[in-house]
Amino acid sequence: MPAEQVLADLHQMRAGDLPTHGGRTMAYVYDSGLAGIDELGAAAHALASSANGLDPTAFPSLLRMENEIVATAANLLGGGAGQVTSGGTESCMLAVLAARQARPDVDRPSIVFPVTAHAAFHKAAHYFNVRPIAVPVGDGFTADPEAMRAAIDDTTVLVVASAPSYAHGVVDPIAEIAAAAAEKGVRCHVDACIGGWVLPYFARLGVEVPLFDFRVDGVTSISVDLHKYAYCPKGASVLLHRDASLRRSQYFASAAWPGYTMLNSTMQSTRSGGPIAAAWAVLRHVGDDGYLDLARKTLAAVRRIGEGLHRAGLIVLGDPVSTLLSVTSADTDLFSLADRMRERGWYVQPQFAFQNSPANLHLTVTAANHGNEDLFLTDLAGAVADATPVEVDTRVLDGIDAATLTGEQFGELLASVDMSAGMAAVNTLLAAAPAGLRERLLVEFLGRLYTS
Ligand SMILES: *Cc1c(COP(=O)(O)O)cnc(C)c1O
């Protein structure tokens with residue numbers, strides 16, 4: 001097939017996706033709104049995507065770019081030595097791995113984190129055979145430092161806090177948590193995947209941002225995603241350790257086979273130079289002043305949208321200090337509201353009730369939302385007016401058990417849900433399922449999506 005035809009097909013397929021520009025997709029994507037950024041990232045990506053970060057001596061350009069990216073992140077976050085990884089999940093998982101590997105003396109290692117920490121920490125626990133100790137949070141959805149302190153024991157290899165949490169956009173009391181960890185000689189990771197490239201600029205703009213970086217005693221590692229508020233192409237994050245000695249246990253070497261001695265700094269072995277070069281190019285081009293300006297726009301947008309939600313009678317959960325808002329309502333069906341917004345060209349992300357957190361809609365606000373805040377709020381008001389609860393017979397879940405679910409049962413369940421009017425029916429049903437069953441149902445669903 002001719003190359004032009006292949007690309008034409010790709011263009012056509014991409015047209016069916018959620019838009020990645022213009023601020024209309026308020027999860028998954030981050031748009032600076034700056035002209036030329038995507039083209040620059042793509043050009044740099046293309047220049048380096050055939051190079052392999054597996055061997056930094058063979059591709060010194062990648063080594064140099066990675067060192068420069070990490071230095072820029074360290075400059076923003078109070079120091080440290082680190083690595084570029086493929087994303088936030090890899091950064092968080094490596095922080096857990098490094099902490100576990102540094103404590104071979106601990107028999108059944110555990111990690112302590114607030115329930116609001118990103119699910120990447122459950123994933124790390126699952127992959128690395130570490131016990132997850134998830135500590136409930138208080139009314140404002142920030143970590144409870146006393147409860148965290150009490151959860152640390154002889155098996156704890158890492159304590160985690162978020163700056164901010166993804167679900168509510170609130171910053172945990174990092175100083176108290178890091179102090180508790182340090183007292184017990186345990187590492188403390190700050191997950192600043194989503195906030196690390198924007199909160200320092202918010203602070204410079206006068207926002208009261210609690211200290212969350214290496215200026216806080218006891219913080220031993222920080223993750224910050226480049227593909228979020230550094231607006232770089234996807235596939236780039238940074239994991240910083242307070243110093244290079246703490247990083248050593250993250251590295252992996254193996255001479256136990258007849259091939260080249262494997263030497264890896266991250267979970268990947270072959271590592272595309274594409275995301276590294278793309279991130280390096282975008283960071284250089286936007287620069288410190290550019291990020292400050294983007295943060296100014298984002299701050300204006302998040303404030304205006306937050307006030308508008310309040311005026312519309314919706315409730316913003318917690319006291320978000322960042323770029324994320326989660327909204328709930330006592331009298332509007334949120335799953336229906338999400339569908340009505342989708343009809344109006346906006347994607348907002350449903351989050352299910354969890355412990356003290358009610359069902360809500362998550363909004364990731366980026367610089368591209370600045371200028372169209374009122375459009376969003378007008379559409380939201382219309383969507384609120386049109387939102388009506390869907391009738392779903394949740395009794396179809398009766399007798400369905402996560403441990404014994406069969407493909408046939410799942411098929412029947414799927415067939416019973418009317419998705420013609422949107423996702424509300426599915427979400428209402430999933431919301432009625434206990435967490436373990438919801439996980440199981442979604443895994444089954446994923447297996448059906450991947451048909452090959
Ligand atoms: C996005 C995010 C992650 C995971 O990052 P991915 O790039 O999606 O793997 C981890 N923690 C927080 C707080 C995040 O917002």
# chains A, B, ... in the order shown; residues from 1 in each chain; ligands from 1

call {"tool": "select_by_dssp", "arguments": {"residues": "range 70-166 of chain A", "states": "alpha helix (DSSP H)", "output": "ChimeraX atom specification"}}
result
/A:70-76,88-101,120-128,145-151

call {"tool": "select_by_dssp", "arguments": {"residues": "range 208-252 of chain A", "states": "strand (DSSP E or B)", "output": "ChimeraX atom specification"}}
result
/A:221-225,237-241,252

call {"tool": "write_last_selection", "arguments": {"atoms": "N, CA and C atoms", "output": "tab-separated table (two decimals), in the first residue's frame"}}
result
chain	number	residue	atom	x	y	z
A	221	SER	N	12.70	10.59	47.20
A	221	SER	CA	12.55	10.51	45.73
A	221	SER	C	11.29	11.26	45.31
A	222	ILE	N	11.30	11.69	44.05
A	222	ILE	CA	10.17	12.45	43.48
A	222	ILE	C	9.96	11.99	42.04
A	223	SER	N	8.70	11.77	41.68
A	223	SER	CA	8.41	11.50	40.27
A	223	SER	C	7.71	12.70	39.66
A	224	VAL	N	8.03	13.03	38.43
A	224	VAL	CA	7.38	14.13	37.72
A	224	VAL	C	7.29	13.77	36.23
A	225	ASP	N	6.08	13.85	35.70
A	225	ASP	CA	5.87	13.44	34.32
A	225	ASP	C	6.10	14.59	33.35
A	237	SER	N	8.85	10.70	31.55
A	237	SER	CA	8.69	11.09	32.95
A	237	SER	C	10.09	11.10	33.56
A	238	VAL	N	10.21	11.69	34.74
A	238	VAL	CA	11.51	11.69	35.42
A	238	VAL	C	11.31	11.12	36.82
A	239	LEU	N	12.22	10.24	37.23
A	239	LEU	CA	12.30	9.81	38.62
A	239	LEU	C	13.59	10.38	39.20
A	240	LEU	N	13.44	11.23	40.22
A	240	LEU	CA	14.61	11.81	40.89
A	240	LEU	C	14.80	11.14	42.24
A	241	HIS	N	16.05	10.85	42.58
A	241	HIS	CA	16.39	10.44	43.95
A	241	HIS	C	17.15	11.59	44.59
A	252	PHE	N	19.85	-2.26	37.14
A	252	PHE	CA	19.89	-3.72	37.01
A	252	PHE	C	21.01	-4.11	36.06

call {"tool": "residues_around", "arguments": {"residues": "Pro109 in chain A", "least_positions_apart": "4", "cutoff": "6 Å", "atoms": "only C-alpha atoms", "output": "list in words"}}
result
Val130, Thr155 and Thr156 of chain A

call {"tool": "write_last_selection", "arguments": {"atoms": "N, CA and C atoms", "output": "mmCIF file, in the first residue's frame"}}
result
data_model
loop_
_atom_site.group_PDB
_atom_site.id
_atom_site.type_symbol
_atom_site.label_atom_id
_atom_site.label_comp_id
_atom_site.auth_asym_id
_atom_site.auth_seq_id
_atom_site.Cartn_x
_atom_site.Cartn_y
_atom_site.Cartn_z
ATOM 1 N N VAL A 130 5.339 -6.686 47.019
ATOM 2 C CA VAL A 130 5.441 -5.833 48.195
ATOM 3 C C VAL A 130 4.027 -5.684 48.730
ATOM 4 N N THR A 155 8.523 -3.550 58.573
ATOM 5 C CA THR A 155 8.552 -4.084 57.208
ATOM 6 C C THR A 155 8.430 -2.987 56.154
ATOM 7 N N THR A 156 8.210 -1.741 56.593
ATOM 8 C CA THR A 156 7.976 -0.656 55.628
ATOM 9 C C THR A 156 9.283 -0.278 54.923
#

call {"tool": "residues_near_ligand", "arguments": {"ligand": "ligand 1", "cutoff": "6 Å", "atoms": "only C-alpha atoms and all ligand atoms", "output": "PDB file with N, CA and C atoms, in the first residue's frame"}}
result
ATOM      1  N   GLY A  87       7.126   6.901  31.723  1.00  0.00           N
ATOM      2  CA  GLY A  87       5.884   7.512  32.196  1.00  0.00           C
ATOM      3  C   GLY A  87       5.801   7.463  33.703  1.00  0.00           C
ATOM      4  N   GLY A  88       4.734   8.030  34.219  1.00  0.00           N
ATOM      5  CA  GLY A  88       4.571   8.135  35.660  1.00  0.00           C
ATOM      6  C   GLY A  88       4.529   6.780  36.348  1.00  0.00           C
ATOM      7  N   THR A  89       3.847   5.842  35.728  1.00  0.00           N
ATOM      8  CA  THR A  89       3.754   4.525  36.346  1.00  0.00           C
ATOM      9  C   THR A  89       5.135   3.903  36.484  1.00  0.00           C
ATOM     10  N   HIS A 118      -1.862   7.249  43.700  1.00  0.00           N
ATOM     11  CA  HIS A 118      -2.171   6.679  42.382  1.00  0.00           C
ATOM     12  C   HIS A 118      -2.133   5.146  42.430  1.00  0.00           C
ATOM     13  N   SER A 165      -2.664  14.643  44.554  1.00  0.00           N
ATOM     14  CA  SER A 165      -3.294  13.377  44.185  1.00  0.00           C
ATOM     15  C   SER A 165      -4.040  13.573  42.871  1.00  0.00           C
ATOM     16  N   TYR A 166      -4.098  12.505  42.093  1.00  0.00           N
ATOM     17  CA  TYR A 166      -4.811  12.603  40.821  1.00  0.00           C
ATOM     18  C   TYR A 166      -6.313  12.783  41.044  1.00  0.00           C
ATOM     19  N   ASP A 191       4.959  11.601  45.001  1.00  0.00           N
ATOM     20  CA  ASP A 191       4.453  11.436  43.649  1.00  0.00           C
ATOM     21  C   ASP A 191       3.956  12.791  43.141  1.00  0.00           C
ATOM     22  N   ALA A 192       4.855  13.465  42.431  1.00  0.00           N
ATOM     23  CA  ALA A 192       4.510  14.753  41.820  1.00  0.00           C
ATOM     24  C   ALA A 192       4.397  14.563  40.312  1.00  0.00           C
ATOM     25  N   CYS A 193       3.926  13.372  39.912  1.00  0.00           N
ATOM     26  CA  CYS A 193       3.805  13.066  38.482  1.00  0.00           C
ATOM     27  C   CYS A 193       3.016  14.162  37.769  1.00  0.00           C
ATOM     28  N   ILE A 194       1.903  14.560  38.396  1.00  0.00           N
ATOM     29  CA  ILE A 194       1.030  15.504  37.690  1.00  0.00           C
ATOM     30  C   ILE A 194       1.276  16.943  38.136  1.00  0.00           C
TER      31      ILE A 194
END

call {"tool": "residues_around", "arguments": {"residues": "Val216 in chain A", "least_positions_apart": "3", "cutoff": "10 Å", "atoms": "only C-alpha atoms", "output": "list in words"}}
result
Gly78, Ile174, Ala175, Glu176, Ala178, Ala179, Pro210, Leu211, Phe212, Asp213, Val219 and Thr220 of chain A

call {"tool": "residues_around", "arguments": {"residues": "range 28-42 of chain A", "least_positions_apart": "5", "cutoff": "9 Å", "atoms": "only C-alpha atoms", "output": "VMD selection string"}}
result
chain A and resid 19 to 23 47 227 to 233 274 to 275 277 to 282 285 to 286 294 364 to 370

call {"tool": "closest_residue", "arguments": {"among": "A:Leu437, A:Ala46, A:Val384, A:Ala236", "to": "Val84 in chain A", "atoms": "only C-alpha atoms"}}
result
A:Ala236
